[in-house]
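Chemist: Here you go, one structure.
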Amino acid sequence: MSRRSDLLRYLGARLALAPLMLWLISSLVFLLLRVAPGDPIDALLGPKAPAAARAALRHQLGLDQPLPVQYGHFLGDLLHGNLGVSQASKEPVTSIIQGSLPASLELGLVALLIAAVLGLAVGFSGIARPEGKVDLAGRLFGIGTYALPPFWAAMVVQLVFAVWLGWLPVGGRLPATVLPPEGSGFYLFDSLRAGNLQQLQGALRHLVLPASTLGLLLSGIFTNALRLNLRRALSSDYVEAARSRGLSETRVVLRHALPNALLPVLTITGITVASLIGGALLIEVTYSWPGIASRLQEAIAQRDYPLVQGIVVVVAALVVLVTVAVDLLVALLDPRVRF
Amino acid sequence: MARLLAGLLALASLNSACAPPHAAGTLIVASKARIDSLDPAQASRSGQLQVLSALGDPLYAITADGTIEPRLATGPPLLSADRLRARIPLRRGVRFHDGTPFDAAAMVFSLNRFMAIGTLGYQFSDRVQAVRASGPLEIELELKAPFSPLPRLLSAIFLTPVSPTAYRSHATKPLNDRFVGTGPYSLSFFNGQQQRLTPFPGYWGARPANGGIDLVTLSNSTALLGALRSGEVDVLLASGLEIDHQQALSRDAAAGRLREGSGPPLSIGFFSLLTDQPPLNNVALRQALARSLDRATITERVSLGMRPPLRQLIPPSLPGSDPEAWPAYDPAAARSLYRQAGYCNGKVFSLPLTFRSDIPSDRLLALTWQAQVRRDLGDCLELQVSGMESTTAYDQLGKGALTLFFYDWIGDYPDPENFLAPLLGCEKAEGNRCAKGNSALSGSFWSAPGLDAELLRSSRIDGPERARLLRAIQRRSAAAVPYLPVWLMAEQAWSGRRISAPQFDGSGRLRLDQLRRLPEARR
């Protein structure tokens with residue numbers, strides 16, 4: 001069988017498993033939410049609402065129905081693409097996700113770009129003299145940024161650049177005096193499309209600190225991955241063969257060693273993207289970034305069952321899609337991969 | 001790194017050159033509260049109520065000095081002889097933000113809508129049987145029983161009228177992202193993190209002192225503090241700020257770098273004691289515990305003096321206040337009571353104390369009391385401190401799972417009835433045990449013969465007689481110690497030096513319409 005048909009079979013199997021995986025995840029979340037202590041009625045009405053009012057709200061939200069009935073409704077709605085209505089705000093869950101997911105994705109993508117550029121640059125910088133000062137500094141950078149507690153790092157960056165120096169805003173996505181651009185929810189894209197420089201500048205300035213912090217924290221992964229894989233590649237037989245053919249060291253590194261060393265980095269990028277789809281909670285909370293992670297946290301605190309379920313299902317679906325896409329990309333780029 | 005810093009510097013200079021200008025007189029007010037809905041029927045959280053207080057008008061308002069003044073009403077309710085009917089005359093010439101005239105039909109529509117779909121609908125429907133228009137500008141409320149705090153109930157901003165035209169298709173469902181009321185501001189933009197309020201040109205009352213308000217949400221205390229200090233926002237509301245940040249801002253205000261304002265203290269922090277199960281079913285132990293709490297030390301160490309000690313369940317600004325209802329800290333008397341219960345002589349009373357783990361000041365309070373007890377009564381009492389997330393704890397509280405639990409309460413409208421009934425009310429009492437009702441939901445499960453009747457009576461009478469009865473109820477409760485009041489809390493706000501000092505009304509809402517940019521001082 002050809003490699004192409006193998007690839008298609010592999011893709012088909014992965015995509016066929018996706019609904020099963022989503023069903024398992026959504027069912028698990030449905031059950032865990034109801035098993036976990038805490039009552040949405042307490043979160044909505046407070047602990048001292050009269051019993052009659054509590055019973056009325058419980059009935060209104062359908063929480064007085066037997067669990068299998070609630071589960072049946074949940075699955076039925078999910079199959080029809082209906083994620084339900086938030087118990088707390090009575091807003092459709094889809095609208096809430098549409099409002100907050102682009103914020104997380106915008107932050108994640110810019111942070112990933114910063115992390116990749118910074119991390120790969122630092123990882124590559126020490127290659128001329130392994131174990132030299134630059135290489136050692138790169139290693140320390142990789143370990144240090146990876147080990148920094150995100151909440152602490154974000155607060156320090158916020159205090160220095162926003163509070164003490166006052167260079168950049170402390171949080172949010174736009175200045176209070178600027179209304180958000182209409183469109184996709186990706187403010188950079190929307191403001192560019194609308195040609196509104198005030199919105200674009202506001203969005204950029206608000207993005208700098210959270211994206212830089214997140215990018216810095218993620219960059220160590222790229223640094224370490226590239227350093228290790230590049231060193232391994234540079235000591236491999238095919239690189240020695242290239243050198244023995246009289247190729248320059250620059251050509252050996254850039255044409256032979258680097259592409260092979262970047263393949264594992266691509267896998268790491270995929271995993272990082274997948275983890276960022278669900279938002280970076282600590283960064284979002286510190287910088288008041290209205291993303292999907294902080295929305296999920298609020299929903300959990302309020303025991304807003306439909307919203308928690310909806311966010312988890314959508315994020316899980318996106319993670320599955322990204323994982324499959326990255327696997328395919330790696331398979332296409334690396335002829336050594338077998339299925 | 002140098003290039004990075006240079007880039008940031010360039011961005012900073014770009015900021016000062018191109019920062020979006022404030023509209024004339026527009027102010028930015030920040031808080032931690034995310035607003036999911038601006039429908040009064042959905043409003044139950046302080047952030048929502050704060051915004052609604054600028055967008056809508058209640059029938060009555062409580063002023064900063066505690067007096068009740070008519071707003072959309074033109075006078076106090078006119079009660080029938082049996083006090084079961086209340087006629088309320090309404091203001092003429094008022095219009096909603098969409099131009100719809102305000103009249104009795106609009107008020108009836110709004111109140112009926114609130115009773116049908118309001119999250120706090122029970123607050124109104126438990127007292128009011130029916131609402132009808134008794135004239136073009138007069139409504140009549142048919143009460144289920146005489147209810148003396150009626151004007152205070154009608155001061156609640158969640159009862160603000162909404163335009164029947166704008167809400168026609170939302171009579172039985174919420175309208176979250178719009179609000180069309182009669183208040184000094186109209187809503188010109190809404191999302192969860194940002195709301196823009198514009199002065200309503202057709203407002204019947206005094207125009208706001210500013211050119212509009214931008215309300216923004218910042219989700220953590222450091223960001224809020226930093227935003228005010230860096231001048232990114234003009235005014236900051238205290239709710240959600242950590243206590244040391246509040247203290248830092250108060251110090252700034254004392255040094256003249258900021259201005260500060262406080263509302264009336266209408267929130268109480270207290271322990272709930274599980275009285276129907278061992279060990280706290282022993283009243284002597286509860287009385288001993290009441291004398292083991294050094295409020296002065298706790299207030300100073302935990303709230304840094306910002307939350308005054310409290311020895312009653314009713315905030316002191318309300319009728320029926322009895323500032324010394326609960327016993328004061330008295331370790332000698334406490335030791336004597338512990339001895340009577342069989343402790344102290346080589347036997348330490350070990351008591352689990354639960355606090356809300358997601359409220360930083362609660363943890364500090366629990367640990368401070370634990371240390372204070374260890375210092376003063378270590379041979380008699382040991383507090384075993386543990387945290388539990390709020391929503392979980394509220395659920396467990398009503399199930400009788402928490403022996404000693406600290407939390408707080410603020411009434412939905414400022415009246416003693418809204419403090420005593422939710423804590424002491426009981427639908428089904430068995431001796432001193434409340435099997436069903438508010439007291440059980442509040443975690444104490446305590447009641448007393450005739451107590452519920454006294455509570456009911458207190459909501460039917462008025463004046464000095466009511467105040468006497470409320471004090472008697474408090475004394476009776478204090479003797480049994482189902483709760484242990486600790487401190488009082490008030491809403492606070494800070495503004496920049498060039499903004500007027502924040503002012504609050506008697507319901508604890510920041511008067512957004514009073515905020516204004518001050519003229520720059522001459523050099």
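Convention: chains lettered A, B, ... in structure tokens order; per-chain residue numbering from 1; ligands numbered from 1 as shown.
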Please report as a count of residues only which residues of chain A come no farther than 7 Å from chain B, using only C-alpha atoms.

Modeler: 25

Chemist: Can you pull out the residues contacting Gly144 in chain A? Cut-off 9 Å, using only C-alpha atoms, and skip same-chain residues under 5 positions away; I want them as a list in words.

Modeler: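 In the requested form, the answer reads Arg139, Leu217 and Gly220 of chain A.
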
Chemist: I'd like the neighbourhood of Leu218 in chain A as an MDAnalysis selection string, where a residue qualifies if any of its atoms comes within 8 Å (using only C-alpha atoms), though same-chain residues fewer than 5 positions away should be ignored.

Modeler: chainID A and resid 112 115 119 145:146

Chemist: Using only C-alpha atoms, which residues sit within 7 Å of Leu143 in chain B once same-chain residues fewer than 5 positions away are excluded, as a PyMOL selection string?

Modeler: chain B and resi 84-85+127-129

Chemist: Those selected residues, please, written with C-alpha atoms and delivered as a PDB file, in the first residue's frame.

Modeler:
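Contents of result_6.pdb, freshly written:
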ATOM      1  CA  LEU B  84     -52.965  45.694  53.234  1.00  0.00           C
ATOM      2  CA  ARG B  85     -53.160  48.183  50.362  1.00  0.00           C
ATOM      3  CA  ARG B 127     -44.841  40.437  50.315  1.00  0.00           C
ATOM      4  CA  VAL B 128     -46.998  41.635  47.444  1.00  0.00           C
ATOM      5  CA  GLN B 129     -50.051  39.785  46.217  1.00  0.00           C
TER       6      GLN B 129
END

Chemist: Return as a Markdown table the residues of range 192-311 of chain B lying at most 6 Å from range 513-516 of chain B, together with the closest atom-to-atom pair for each and the distance in Å to one decimal, counting only C-alpha atoms, with rows in chain order and ascending residue number.

Modeler:
| residue | atom | partner | partner_atom | distance |
| --- | --- | --- | --- | --- |
| B:Pro208 | CA | B:Asp513 | CA | 4.4 |
| B:Ala209 | CA | B:Gln514 | CA | 5.4 |
| B:Asn210 | CA | B:Arg516 | CA | 5.0 |

Chemist: Identify, on the basis of only C-alpha atoms, every residue whose closest approach to Ile283 in chain A does not exceed 10 Å; exclude the query and any residue fewer than 4 positions from it along the same chain; express the result as a PyMOL selection string.

Modeler: chain A and resi 107+150-155+209-211+213-214+279+287-289+291+293-294

Chemist: In Å, rounded to a single decimal, give me how far CA of Leu187 in chain B is from CA of Gly195 in chain A.

Modeler: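 If I compute the distance from CA of Gly195 in chain A to CA of Leu187 in chain B, I get 26.0 Å.
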
Chemist: Find the residues around range 93-103 of chain A up to 7 Å (only C-alpha atoms counted), leave out those fewer than 2 positions away in its own chain, and share them as a VMD selection string.

Modeler: chain A and resid 83 to 86 91 105 to 107 185 to 186 290 to 292 307 310 to 311

Chemist: Could you save those same residues with C-alpha atoms as a CSV table (one decimal), in the first residue's frame?

Modeler:
chain,number,residue,atom,x,y,z
A,83,LEU,CA,-24.7,24.0,23.7
A,84,GLY,CA,-27.5,25.4,25.8
A,85,VAL,CA,-27.9,28.6,27.7
A,86,SER,CA,-25.8,29.9,30.6
A,91,GLU,CA,-27.0,34.0,27.4
A,105,LEU,CA,-6.6,32.6,20.5
A,106,GLU,CA,-5.3,36.1,19.7
A,107,LEU,CA,-3.2,36.1,22.8
A,185,GLY,CA,-13.4,39.1,18.0
A,186,PHE,CA,-9.7,39.1,16.9
A,290,PRO,CA,-11.3,38.3,28.9
A,291,GLY,CA,-10.4,34.9,27.4
A,292,ILE,CA,-11.9,31.5,27.5
A,307,LEU,CA,-21.3,27.0,30.2
A,310,GLY,CA,-19.9,24.0,26.3
A,311,ILE,CA,-16.5,25.4,26.8
